[in-house]
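Q: For reference, the structure I am asking about is given below.
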Amino acid sequence: MSDSIERIDFPEHENPVTVFSGPGAIGQAAGLLADLGAQRVMIVCGQTVAGLPAAKALADSAKANGAVRVFDQVEPDPSDVTCAAGGTAARDFGAEAIVGIGGGSSMDAAKAIAAEAIQAGWTQSQDNPGQPTEVDFEPLPTILIPTTAGTASEVTPFSVIIYTETKRKLVLSHPKLYAKYALLDPELLSTCSPQVRMAAGMDALTHAIESYVSKQATEQTRRRALEAIRMLAPHLVRAVEAPGDMAAQQQVQEGAMIAGLAFSKSRLGIVHAMALPLSALFQVPHGVANALLLPYGMRFNAEAAAPLYADIAEACGIEISGLTASQAAITLIEHVEQLGRAIGAPTRMAEVGVEEAAIPQMAQDAMPSAHIACNPRTPGMDDLIELYTEAY
Ligand SMILES: [Fe+2]
């Protein structure tokens, strides 16, 4: 293993995924598949990533162990239908392990396909809003390789699935969905557009902020959330603007992953709850929806979470001495708005194709999200409608 690649094992009670991080980390895949005893491997990705030289090199290296099949049908926001097709492909091929490479969509699909490969129809059977996800079997072992620094799907037990018939976007969550290994290779981040790096980076920042103020936060998740903010906030602009700055890319990639350690335990809040219908109904990318809604959600929470926002302001390096907690909270929100503007985040739902007439439906869809229960200030339906209207 090259000196630039670090192996990271977290305490078992915190996170079971073993991470390899550093330029060239993708090269660890073949050896890890051999360790897993997997001779038949299915790579899960989208079509753009399938065409990247790095993905082709990954497939070639995995072939050294046996046979590889590439399932490149993952769309942005993967559907239950895609996961079922992936599961069928994996069973037909006799896959013994799944490698997911791409953004959150591909990694989420890879986790669902690893389960679907063992139990046909599993994804469809989990379309139960408000009910716990059930996995009473062992999915195929999974290696996840992010090409964006945002969702932290590589270290979370979540798989976010769009249900085609019911038009619902649900967060499936079960400890058996955790990957075995995550390979964080900052060189892969330079393969996506600045717009994708913006959306992913703002998603990661939203994870860290919502996790820190979550009602379910613990001392441990708060420590991780602040650690993530210290890595993300100062490097986000540079990481979006300068794809070749590996130091900035690595900071943001590891920051996004650390935020994942926090929010996989604490869950999130009103911003993520409100973002779900934007993607389900209007195909707004997840990170774009969060980037847009983050300042509105933070203003809603400003008083209820003021001392916590003051901590975050300090972690962002904002000078808050002499300010009250409420003033520090407002200063932080303005800082987050400026950061979003600097990297091209949209500020209005009208800009991203959302229809105003859908607001009552969106509020109704956001309300049952588990994230709402974790938000520091409990919103009612009227609050959600007001926030969506403000953000329109
Ligand atoms: Fe997110």
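Each chain in the structure tokens gets a letter, A, B and so on, in the order shown; residues start at 1 in every chain, and ligands are counted from 1 in the order they appear.
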Neighbouring residues of ligand 1 are defined here as those with any atom at most 9 Å from a ligand atom, counting only C-alpha atoms and all ligand atoms; list them as a list of chain:residue names.
A: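 Residues lying within 9 Å of ligand 1: A:Gly104, A:Gly150, A:Thr151, A:Ala152, A:Ala200, A:Met202, A:Asp203, A:Ala204, A:Leu205, A:Thr206, A:His207, A:Leu268, A:His272, A:Ala275, A:His286, A:Gly287, A:Asn290.
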Q: Show which residues sit within 12 Å of Thr324 (chain A), as an mmCIF file with C-alpha atoms, in the first residue's frame. Count only C-alpha atoms, and ignore same-chain residues fewer than 2 positions away.
A:
```
data_model
loop_
_atom_site.group_PDB
_atom_site.id
_atom_site.type_symbol
_atom_site.label_atom_id
_atom_site.label_comp_id
_atom_site.auth_asym_id
_atom_site.auth_seq_id
_atom_site.Cartn_x
_atom_site.Cartn_y
_atom_site.Cartn_z
ATOM 1 C CA GLU A 303 -33.619 30.746 18.077
ATOM 2 C CA ALA A 306 -28.783 29.478 18.778
ATOM 3 C CA PRO A 307 -26.047 28.232 21.196
ATOM 4 C CA LEU A 308 -25.354 25.236 18.919
ATOM 5 C CA TYR A 309 -25.135 27.468 15.847
ATOM 6 C CA ALA A 310 -22.661 29.624 17.806
ATOM 7 C CA ASP A 311 -20.438 26.518 18.224
ATOM 8 C CA ILE A 320 -18.052 35.667 17.368
ATOM 9 C CA SER A 321 -16.528 37.161 20.534
ATOM 10 C CA GLY A 322 -18.848 39.779 22.016
ATOM 11 C CA SER A 326 -28.622 34.639 18.684
ATOM 12 C CA GLN A 327 -26.338 37.135 16.961
ATOM 13 C CA ALA A 328 -23.745 34.412 16.337
ATOM 14 C CA ALA A 329 -26.456 32.217 14.834
ATOM 15 C CA ILE A 330 -27.501 34.945 12.400
ATOM 16 C CA THR A 331 -23.839 35.605 11.508
#
```
Q: Would you list the contacts of region 54-58 of chain A as a PyMOL selection string, taking every protein, DNA or RNA residue within 8 Å and counting only C-alpha atoms, but skipping same-chain residues closer than 5 positions in sequence?
A: chain A and resi 26-27+29-30+49+101+188
Q: Compile the contact shell of region 111-117 of chain A as a list of chain:residue names: residues with an atom at most 6 Å away, counting only C-alpha atoms, same-chain residues fewer than 2 positions apart removed.
A: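 My list of contacting residues is A:Cys83, A:Gly86, A:Gly87, A:Ala90, A:Arg91, A:Asp108, A:Ala109, A:Gln119, A:Ala120, A:Trp122, A:Pro139, A:Leu140, A:Leu177.
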Q: Would you list, as a CSV table (one decimal) with N, CA and C atoms, in the first residue's frame, the residues of region 9-202 of chain A that end up in alpha helix (DSSP H) under DSSP run on this structure's backbone?
A:
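states.csv was written with the following content:
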```csv
chain,number,residue,atom,x,y,z
A,29,ALA,N,-9.0,-2.0,-4.5
A,29,ALA,CA,-10.2,-2.8,-4.7
A,29,ALA,C,-9.9,-4.2,-5.0
A,30,ALA,N,-9.0,-4.5,-5.9
A,30,ALA,CA,-8.8,-5.9,-6.3
A,30,ALA,C,-8.3,-6.7,-5.2
A,31,GLY,N,-7.3,-6.2,-4.4
A,31,GLY,CA,-6.8,-6.9,-3.2
A,31,GLY,C,-7.9,-7.2,-2.2
A,32,LEU,N,-8.8,-6.2,-2.0
A,32,LEU,CA,-9.8,-6.4,-1.0
A,32,LEU,C,-10.9,-7.4,-1.4
A,33,LEU,N,-11.1,-7.4,-2.7
A,33,LEU,CA,-12.1,-8.4,-3.3
A,33,LEU,C,-11.5,-9.8,-3.1
A,34,ALA,N,-10.2,-9.9,-3.3
A,34,ALA,CA,-9.5,-11.2,-3.1
A,34,ALA,C,-9.6,-11.6,-1.7
A,35,ASP,N,-9.4,-10.7,-0.7
A,35,ASP,CA,-9.5,-11.0,0.7
A,35,ASP,C,-10.9,-11.5,1.0
A,47,GLN,N,-24.0,5.5,-16.2
A,47,GLN,CA,-23.3,5.4,-17.5
A,47,GLN,C,-22.1,6.3,-17.7
A,48,THR,N,-22.2,7.5,-17.1
A,48,THR,CA,-21.1,8.5,-17.2
A,48,THR,C,-19.9,7.9,-16.5
A,49,VAL,N,-20.1,7.4,-15.3
A,49,VAL,CA,-18.9,6.9,-14.5
A,49,VAL,C,-18.4,5.6,-15.2
A,50,ALA,N,-19.3,4.8,-15.8
A,50,ALA,CA,-18.8,3.6,-16.5
A,50,ALA,C,-17.8,3.9,-17.6
A,53,PRO,N,-11.9,6.4,-17.4
A,53,PRO,CA,-10.8,5.5,-17.4
A,53,PRO,C,-10.6,4.8,-16.0
A,54,ALA,N,-10.9,5.5,-14.9
A,54,ALA,CA,-10.7,4.9,-13.6
A,54,ALA,C,-11.7,3.7,-13.4
A,55,ALA,N,-12.9,3.8,-13.9
A,55,ALA,CA,-13.8,2.7,-13.8
A,55,ALA,C,-13.4,1.5,-14.6
A,56,LYS,N,-12.9,1.8,-15.8
A,56,LYS,CA,-12.4,0.7,-16.7
A,56,LYS,C,-11.2,0.0,-16.0
A,57,ALA,N,-10.3,0.9,-15.4
A,57,ALA,CA,-9.1,0.3,-14.8
A,57,ALA,C,-9.6,-0.6,-13.6
A,58,LEU,N,-10.6,-0.1,-12.9
A,58,LEU,CA,-11.2,-0.9,-11.7
A,58,LEU,C,-11.7,-2.2,-12.2
A,59,ALA,N,-12.4,-2.2,-13.3
A,59,ALA,CA,-13.0,-3.5,-13.9
A,59,ALA,C,-11.8,-4.4,-14.3
A,60,ASP,N,-10.8,-3.9,-14.9
A,60,ASP,CA,-9.7,-4.7,-15.4
A,60,ASP,C,-9.0,-5.3,-14.2
A,61,SER,N,-8.8,-4.5,-13.2
A,61,SER,CA,-8.0,-5.0,-12.0
A,61,SER,C,-8.8,-6.1,-11.3
A,62,ALA,N,-10.2,-5.9,-11.2
A,62,ALA,CA,-11.0,-7.0,-10.6
A,62,ALA,C,-11.1,-8.2,-11.4
A,63,LYS,N,-10.9,-8.1,-12.7
A,63,LYS,CA,-10.9,-9.4,-13.5
A,63,LYS,C,-9.7,-10.3,-13.2
A,80,ASP,N,-36.8,1.8,-7.3
A,80,ASP,CA,-37.0,0.4,-7.0
A,80,ASP,C,-36.8,-0.5,-8.2
A,81,VAL,N,-37.3,0.0,-9.3
A,81,VAL,CA,-37.2,-0.8,-10.6
A,81,VAL,C,-35.7,-1.1,-10.9
A,82,THR,N,-34.9,0.0,-10.9
A,82,THR,CA,-33.5,-0.2,-11.2
A,82,THR,C,-32.8,-1.2,-10.2
A,83,CYS,N,-33.1,-1.1,-8.9
A,83,CYS,CA,-32.5,-2.0,-7.9
A,83,CYS,C,-32.9,-3.4,-8.2
A,84,ALA,N,-34.2,-3.6,-8.6
A,84,ALA,CA,-34.7,-5.0,-8.9
A,84,ALA,C,-33.9,-5.5,-10.1
A,85,ALA,N,-33.7,-4.7,-11.1
A,85,ALA,CA,-33.0,-5.1,-12.3
A,85,ALA,C,-31.6,-5.4,-12.0
A,86,GLY,N,-30.9,-4.6,-11.1
A,86,GLY,CA,-29.6,-4.9,-10.7
A,86,GLY,C,-29.5,-6.2,-9.9
A,87,GLY,N,-30.5,-6.4,-9.0
A,87,GLY,CA,-30.5,-7.7,-8.3
A,87,GLY,C,-30.6,-8.9,-9.2
A,88,THR,N,-31.4,-8.8,-10.2
A,88,THR,CA,-31.6,-9.9,-11.1
A,88,THR,C,-30.3,-10.1,-11.9
A,89,ALA,N,-29.6,-9.0,-12.3
A,89,ALA,CA,-28.3,-9.1,-13.0
A,89,ALA,C,-27.3,-9.8,-12.1
A,90,ALA,N,-27.3,-9.4,-10.9
A,90,ALA,CA,-26.3,-10.0,-9.9
A,90,ALA,C,-26.5,-11.5,-9.7
A,91,ARG,N,-27.8,-11.9,-9.6
A,91,ARG,CA,-28.1,-13.3,-9.4
A,91,ARG,C,-27.8,-14.1,-10.6
A,92,ASP,N,-28.2,-13.5,-11.8
A,92,ASP,CA,-27.9,-14.3,-13.1
A,92,ASP,C,-26.4,-14.5,-13.3
A,93,PHE,N,-25.6,-13.5,-12.9
A,93,PHE,CA,-24.2,-13.5,-13.1
A,93,PHE,C,-23.5,-14.4,-12.0
A,104,GLY,N,-23.8,9.5,-4.7
A,104,GLY,CA,-24.6,8.9,-3.7
A,104,GLY,C,-25.6,7.9,-4.3
A,105,SER,N,-26.1,8.3,-5.5
A,105,SER,CA,-27.1,7.4,-6.2
A,105,SER,C,-26.6,6.0,-6.5
A,106,SER,N,-25.4,6.0,-7.0
A,106,SER,CA,-24.8,4.7,-7.4
A,106,SER,C,-24.4,3.9,-6.1
A,107,MET,N,-24.0,4.6,-5.1
A,107,MET,CA,-23.6,3.8,-3.9
A,107,MET,C,-24.9,3.3,-3.1
A,108,ASP,N,-25.9,4.2,-3.1
A,108,ASP,CA,-27.2,3.8,-2.5
A,108,ASP,C,-27.8,2.6,-3.3
A,109,ALA,N,-27.7,2.6,-4.6
A,109,ALA,CA,-28.2,1.5,-5.4
A,109,ALA,C,-27.4,0.3,-5.2
A,110,ALA,N,-26.1,0.4,-5.0
A,110,ALA,CA,-25.2,-0.7,-4.8
A,110,ALA,C,-25.6,-1.5,-3.5
A,111,LYS,N,-25.9,-0.7,-2.5
A,111,LYS,CA,-26.3,-1.3,-1.2
A,111,LYS,C,-27.7,-2.0,-1.3
A,112,ALA,N,-28.6,-1.4,-2.0
A,112,ALA,CA,-29.9,-2.1,-2.2
A,112,ALA,C,-29.8,-3.3,-3.1
A,113,ILE,N,-28.9,-3.2,-4.1
A,113,ILE,CA,-28.7,-4.3,-5.1
A,113,ILE,C,-28.0,-5.5,-4.3
A,114,ALA,N,-27.1,-5.2,-3.4
A,114,ALA,CA,-26.5,-6.2,-2.6
A,114,ALA,C,-27.5,-7.0,-1.8
A,115,ALA,N,-28.6,-6.3,-1.4
A,115,ALA,CA,-29.6,-7.0,-0.7
A,115,ALA,C,-30.6,-7.7,-1.6
A,116,GLU,N,-30.9,-7.0,-2.7
A,116,GLU,CA,-31.8,-7.6,-3.7
A,116,GLU,C,-31.3,-8.8,-4.4
A,122,TRP,N,-36.8,-7.6,-2.6
A,122,TRP,CA,-36.6,-6.9,-1.3
A,122,TRP,C,-36.9,-5.4,-1.3
A,123,THR,N,-36.3,-4.7,-2.4
A,123,THR,CA,-36.4,-3.3,-2.4
A,123,THR,C,-37.9,-2.9,-2.4
A,124,GLN,N,-38.7,-3.5,-3.3
A,124,GLN,CA,-40.1,-3.2,-3.5
A,124,GLN,C,-40.8,-3.4,-2.1
A,125,SER,N,-40.4,-4.4,-1.4
A,125,SER,CA,-41.1,-4.8,-0.2
A,125,SER,C,-40.9,-3.8,1.0
A,194,PRO,N,-18.0,21.3,-11.7
A,194,PRO,CA,-18.0,22.2,-10.6
A,194,PRO,C,-19.4,22.2,-10.0
A,195,GLN,N,-20.5,22.1,-10.8
A,195,GLN,CA,-21.8,22.1,-10.3
A,195,GLN,C,-22.1,20.9,-9.4
A,196,VAL,N,-21.6,19.8,-9.8
A,196,VAL,CA,-21.7,18.5,-9.0
A,196,VAL,C,-20.9,18.7,-7.7
A,197,ARG,N,-19.7,19.2,-7.8
A,197,ARG,CA,-18.9,19.4,-6.6
A,197,ARG,C,-19.6,20.3,-5.6
A,198,MET,N,-20.2,21.4,-6.2
A,198,MET,CA,-20.9,22.4,-5.3
A,198,MET,C,-22.1,21.6,-4.6
A,199,ALA,N,-22.9,20.9,-5.3
A,199,ALA,CA,-24.1,20.3,-4.8
A,199,ALA,C,-23.6,19.2,-3.7
A,200,ALA,N,-22.6,18.5,-4.0
A,200,ALA,CA,-22.2,17.4,-3.1
A,200,ALA,C,-21.6,18.1,-1.8
A,201,GLY,N,-20.8,19.1,-2.0
A,201,GLY,CA,-20.2,19.8,-0.9
A,201,GLY,C,-21.2,20.4,0.1
A,202,MET,N,-22.2,21.1,-0.5
A,202,MET,CA,-23.2,21.7,0.3
A,202,MET,C,-24.1,20.6,1.0
```
Q: Please determine, counting only C-alpha atoms, which residue among A:Ile312, A:His235, A:Arg168, A:Ala350 has the shortest atom-to-atom distance to Met362 (chain A).
A: A:Arg168
Q: Would you kindly return, as an mmCIF file with C-alpha atoms, in the first residue's frame, each protein, DNA or RNA residue with an atom no farther than 7 Å from any atom of Ala228 (chain A), considering only C-alpha atoms and excluding same-chain residues fewer than 6 positions away?
A:
```cif
data_model
loop_
_atom_site.group_PDB
_atom_site.id
_atom_site.type_symbol
_atom_site.label_atom_id
_atom_site.label_comp_id
_atom_site.auth_asym_id
_atom_site.auth_seq_id
_atom_site.Cartn_x
_atom_site.Cartn_y
_atom_site.Cartn_z
ATOM 1 C CA ALA A 208 -22.720 18.250 9.503
ATOM 2 C CA GLY A 255 -14.923 15.931 5.843
ATOM 3 C CA ALA A 256 -17.971 14.607 3.991
ATOM 4 C CA ILE A 258 -16.749 12.241 8.850
ATOM 5 C CA ALA A 259 -20.105 14.064 8.614
#
```
Q: Restricting the calculation to only C-alpha atoms: of A:Cys316, A:Leu184, A:Ser190, A:Thr389, which residue gets closest to Asp245 (chain A)?
A: A:Ser190
Q: Can you measure CA of Ser369 (chain A) to CA of Pro175 (chain A) for me? One decimal in Å is fine.
A: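 Result for CA of Ser369 (chain A) versus CA of Pro175 (chain A): 19.3 Å, one decimal.
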Q: Just checking: using only C-alpha atoms, which residue out of A:Ala315, A:Asp382, A:Gln283, A:Gly244 ends up closest to Arg224 (chain A)?
A: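 The answer is A:Ala315, which sits nearest to Arg224 (chain A).
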Q: How many Å separate CA of Thr221 (chain A) from CA of Glu12 (chain A)?
A: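 So the two atoms, CA of Thr221 (chain A) and CA of Glu12 (chain A), lie 14.4 Å apart.
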Q: Counting only C-alpha atoms, which residue out of A:Gly260, A:Pro76, A:Gly340, A:Gly380 sits closest to Arg222 (chain A)?
A: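 The closest residue to Arg222 (chain A) is A:Gly260.
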Q: I'd like the contact shell of Ala304 (chain A) - 7 Å cut-off, only C-alpha atoms, skipping same-chain residues fewer than 3 positions apart - returned as a PyMOL selection string.
A: chain A and resi 301+376-377
Q: Next, dump the selected residues to file, keeping only N, CA, C and O atoms, as a CSV table (one decimal), in the first residue's frame.
A:
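Final file, out30.csv:
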```
chain,number,residue,atom,x,y,z
A,301,ASN,N,-34.7,27.5,12.5
A,301,ASN,CA,-34.1,27.0,13.8
A,301,ASN,C,-33.3,28.0,14.6
A,301,ASN,O,-32.9,27.6,15.7
A,376,PRO,N,-34.4,20.6,15.8
A,376,PRO,CA,-34.4,21.2,17.1
A,376,PRO,C,-35.7,22.0,17.4
A,376,PRO,O,-36.1,22.2,18.5
A,377,ARG,N,-36.4,22.5,16.3
A,377,ARG,CA,-37.7,23.1,16.5
A,377,ARG,C,-38.7,22.3,15.7
A,377,ARG,O,-38.5,22.1,14.5
```
Q: With a distance cut-off of 8 Å and only C-alpha atoms, select the neighbouring residues of Ile161 (chain A), excluding the residue or stretch itself and same-chain residues fewer than 5 positions from it, and output the selection as a PyMOL selection string.
A: chain A and resi 77-80+108-109+169-172
Q: Keeping only all heavy atoms, write the selected residues to a file as a PDB file, in the first residue's frame.
A:
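Output (result19.pdb):
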```pdb
ATOM      1  N   ASP A  77     -30.922   9.523  -8.447  1.00  0.00           N
ATOM      2  CA  ASP A  77     -32.037   9.084  -7.606  1.00  0.00           C
ATOM      3  C   ASP A  77     -32.543   7.718  -8.054  1.00  0.00           C
ATOM      4  O   ASP A  77     -33.519   7.612  -8.812  1.00  0.00           O
ATOM      5  CB  ASP A  77     -33.188  10.107  -7.603  1.00  0.00           C
ATOM      6  CG  ASP A  77     -32.835  11.350  -6.806  1.00  0.00           C
ATOM      7  OD1 ASP A  77     -32.224  11.211  -5.724  1.00  0.00           O
ATOM      8  OD2 ASP A  77     -33.145  12.452  -7.277  1.00  0.00           O
ATOM      9  N   PRO A  78     -31.878   6.656  -7.644  1.00  0.00           N
ATOM     10  CA  PRO A  78     -32.205   5.313  -8.147  1.00  0.00           C
ATOM     11  C   PRO A  78     -33.605   4.858  -7.729  1.00  0.00           C
ATOM     12  O   PRO A  78     -34.070   5.168  -6.636  1.00  0.00           O
ATOM     13  CB  PRO A  78     -31.143   4.419  -7.503  1.00  0.00           C
ATOM     14  CG  PRO A  78     -30.672   5.175  -6.315  1.00  0.00           C
ATOM     15  CD  PRO A  78     -30.821   6.633  -6.642  1.00  0.00           C
ATOM     16  N   SER A  79     -34.251   4.140  -8.629  1.00  0.00           N
ATOM     17  CA  SER A  79     -35.619   3.682  -8.370  1.00  0.00           C
ATOM     18  C   SER A  79     -35.629   2.239  -7.899  1.00  0.00           C
ATOM     19  O   SER A  79     -34.645   1.494  -8.067  1.00  0.00           O
ATOM     20  CB  SER A  79     -36.457   3.804  -9.639  1.00  0.00           C
ATOM     21  OG  SER A  79     -36.063   2.804 -10.560  1.00  0.00           O
ATOM     22  N   ASP A  80     -36.762   1.836  -7.345  1.00  0.00           N
ATOM     23  CA  ASP A  80     -36.961   0.441  -6.953  1.00  0.00           C
ATOM     24  C   ASP A  80     -36.831  -0.486  -8.165  1.00  0.00           C
ATOM     25  O   ASP A  80     -36.293  -1.591  -8.055  1.00  0.00           O
ATOM     26  CB  ASP A  80     -38.339   0.273  -6.279  1.00  0.00           C
ATOM     27  CG  ASP A  80     -39.490   0.815  -7.109  1.00  0.00           C
ATOM     28  OD1 ASP A  80     -39.235   1.612  -8.048  1.00  0.00           O
ATOM     29  OD2 ASP A  80     -40.656   0.455  -6.843  1.00  0.00           O
ATOM     30  N   ASP A 108     -25.913   4.188  -3.103  1.00  0.00           N
ATOM     31  CA  ASP A 108     -27.184   3.764  -2.492  1.00  0.00           C
ATOM     32  C   ASP A 108     -27.765   2.571  -3.258  1.00  0.00           C
ATOM     33  O   ASP A 108     -28.252   1.606  -2.653  1.00  0.00           O
ATOM     34  CB  ASP A 108     -28.206   4.909  -2.511  1.00  0.00           C
ATOM     35  CG  ASP A 108     -27.935   5.943  -1.426  1.00  0.00           C
ATOM     36  OD1 ASP A 108     -26.923   5.806  -0.711  1.00  0.00           O
ATOM     37  OD2 ASP A 108     -28.739   6.883  -1.293  1.00  0.00           O
ATOM     38  N   ALA A 109     -27.708   2.648  -4.606  1.00  0.00           N
ATOM     39  CA  ALA A 109     -28.224   1.538  -5.418  1.00  0.00           C
ATOM     40  C   ALA A 109     -27.406   0.277  -5.159  1.00  0.00           C
ATOM     41  O   ALA A 109     -27.962  -0.820  -5.048  1.00  0.00           O
ATOM     42  CB  ALA A 109     -28.187   1.907  -6.898  1.00  0.00           C
ATOM     43  N   LYS A 169     -40.042   9.090  -2.116  1.00  0.00           N
ATOM     44  CA  LYS A 169     -38.598   8.941  -1.952  1.00  0.00           C
ATOM     45  C   LYS A 169     -38.367   8.558  -0.499  1.00  0.00           C
ATOM     46  O   LYS A 169     -38.657   9.346   0.398  1.00  0.00           O
ATOM     47  CB  LYS A 169     -37.890  10.257  -2.295  1.00  0.00           C
ATOM     48  CG  LYS A 169     -36.379  10.165  -2.258  1.00  0.00           C
ATOM     49  CD  LYS A 169     -35.708  11.432  -2.772  1.00  0.00           C
ATOM     50  CE  LYS A 169     -34.185  11.269  -2.742  1.00  0.00           C
ATOM     51  NZ  LYS A 169     -33.477  12.442  -3.241  1.00  0.00           N
ATOM     52  N   LEU A 170     -37.894   7.337  -0.265  1.00  0.00           N
ATOM     53  CA  LEU A 170     -37.758   6.854   1.110  1.00  0.00           C
ATOM     54  C   LEU A 170     -36.300   6.575   1.454  1.00  0.00           C
ATOM     55  O   LEU A 170     -35.512   6.153   0.598  1.00  0.00           O
ATOM     56  CB  LEU A 170     -38.563   5.563   1.305  1.00  0.00           C
ATOM     57  CG  LEU A 170     -40.074   5.649   1.105  1.00  0.00           C
ATOM     58  CD1 LEU A 170     -40.711   4.306   1.444  1.00  0.00           C
ATOM     59  CD2 LEU A 170     -40.693   6.752   1.955  1.00  0.00           C
ATOM     60  N   VAL A 171     -35.971   6.808   2.717  1.00  0.00           N
ATOM     61  CA  VAL A 171     -34.632   6.505   3.204  1.00  0.00           C
ATOM     62  C   VAL A 171     -34.689   5.134   3.875  1.00  0.00           C
ATOM     63  O   VAL A 171     -35.225   5.008   4.984  1.00  0.00           O
ATOM     64  CB  VAL A 171     -34.152   7.576   4.214  1.00  0.00           C
ATOM     65  CG1 VAL A 171     -32.724   7.270   4.661  1.00  0.00           C
ATOM     66  CG2 VAL A 171     -34.238   8.976   3.617  1.00  0.00           C
ATOM     67  N   LEU A 172     -34.156   4.105   3.203  1.00  0.00           N
ATOM     68  CA  LEU A 172     -34.072   2.784   3.831  1.00  0.00           C
ATOM     69  C   LEU A 172     -32.838   2.794   4.732  1.00  0.00           C
ATOM     70  O   LEU A 172     -31.823   3.397   4.390  1.00  0.00           O
ATOM     71  CB  LEU A 172     -33.949   1.678   2.775  1.00  0.00           C
ATOM     72  CG  LEU A 172     -34.980   1.716   1.642  1.00  0.00           C
ATOM     73  CD1 LEU A 172     -34.841   0.481   0.748  1.00  0.00           C
ATOM     74  CD2 LEU A 172     -36.404   1.824   2.176  1.00  0.00           C
TER      75      LEU A 172
END
```
Q: With distances taken over only C-alpha atoms, which residue among A:Ile359, A:Met381, A:Val99, A:Leu293 lies nearest Ala345 (chain A)?
A: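 That would be A:Leu293, the residue with the smallest distance to Ala345 (chain A).
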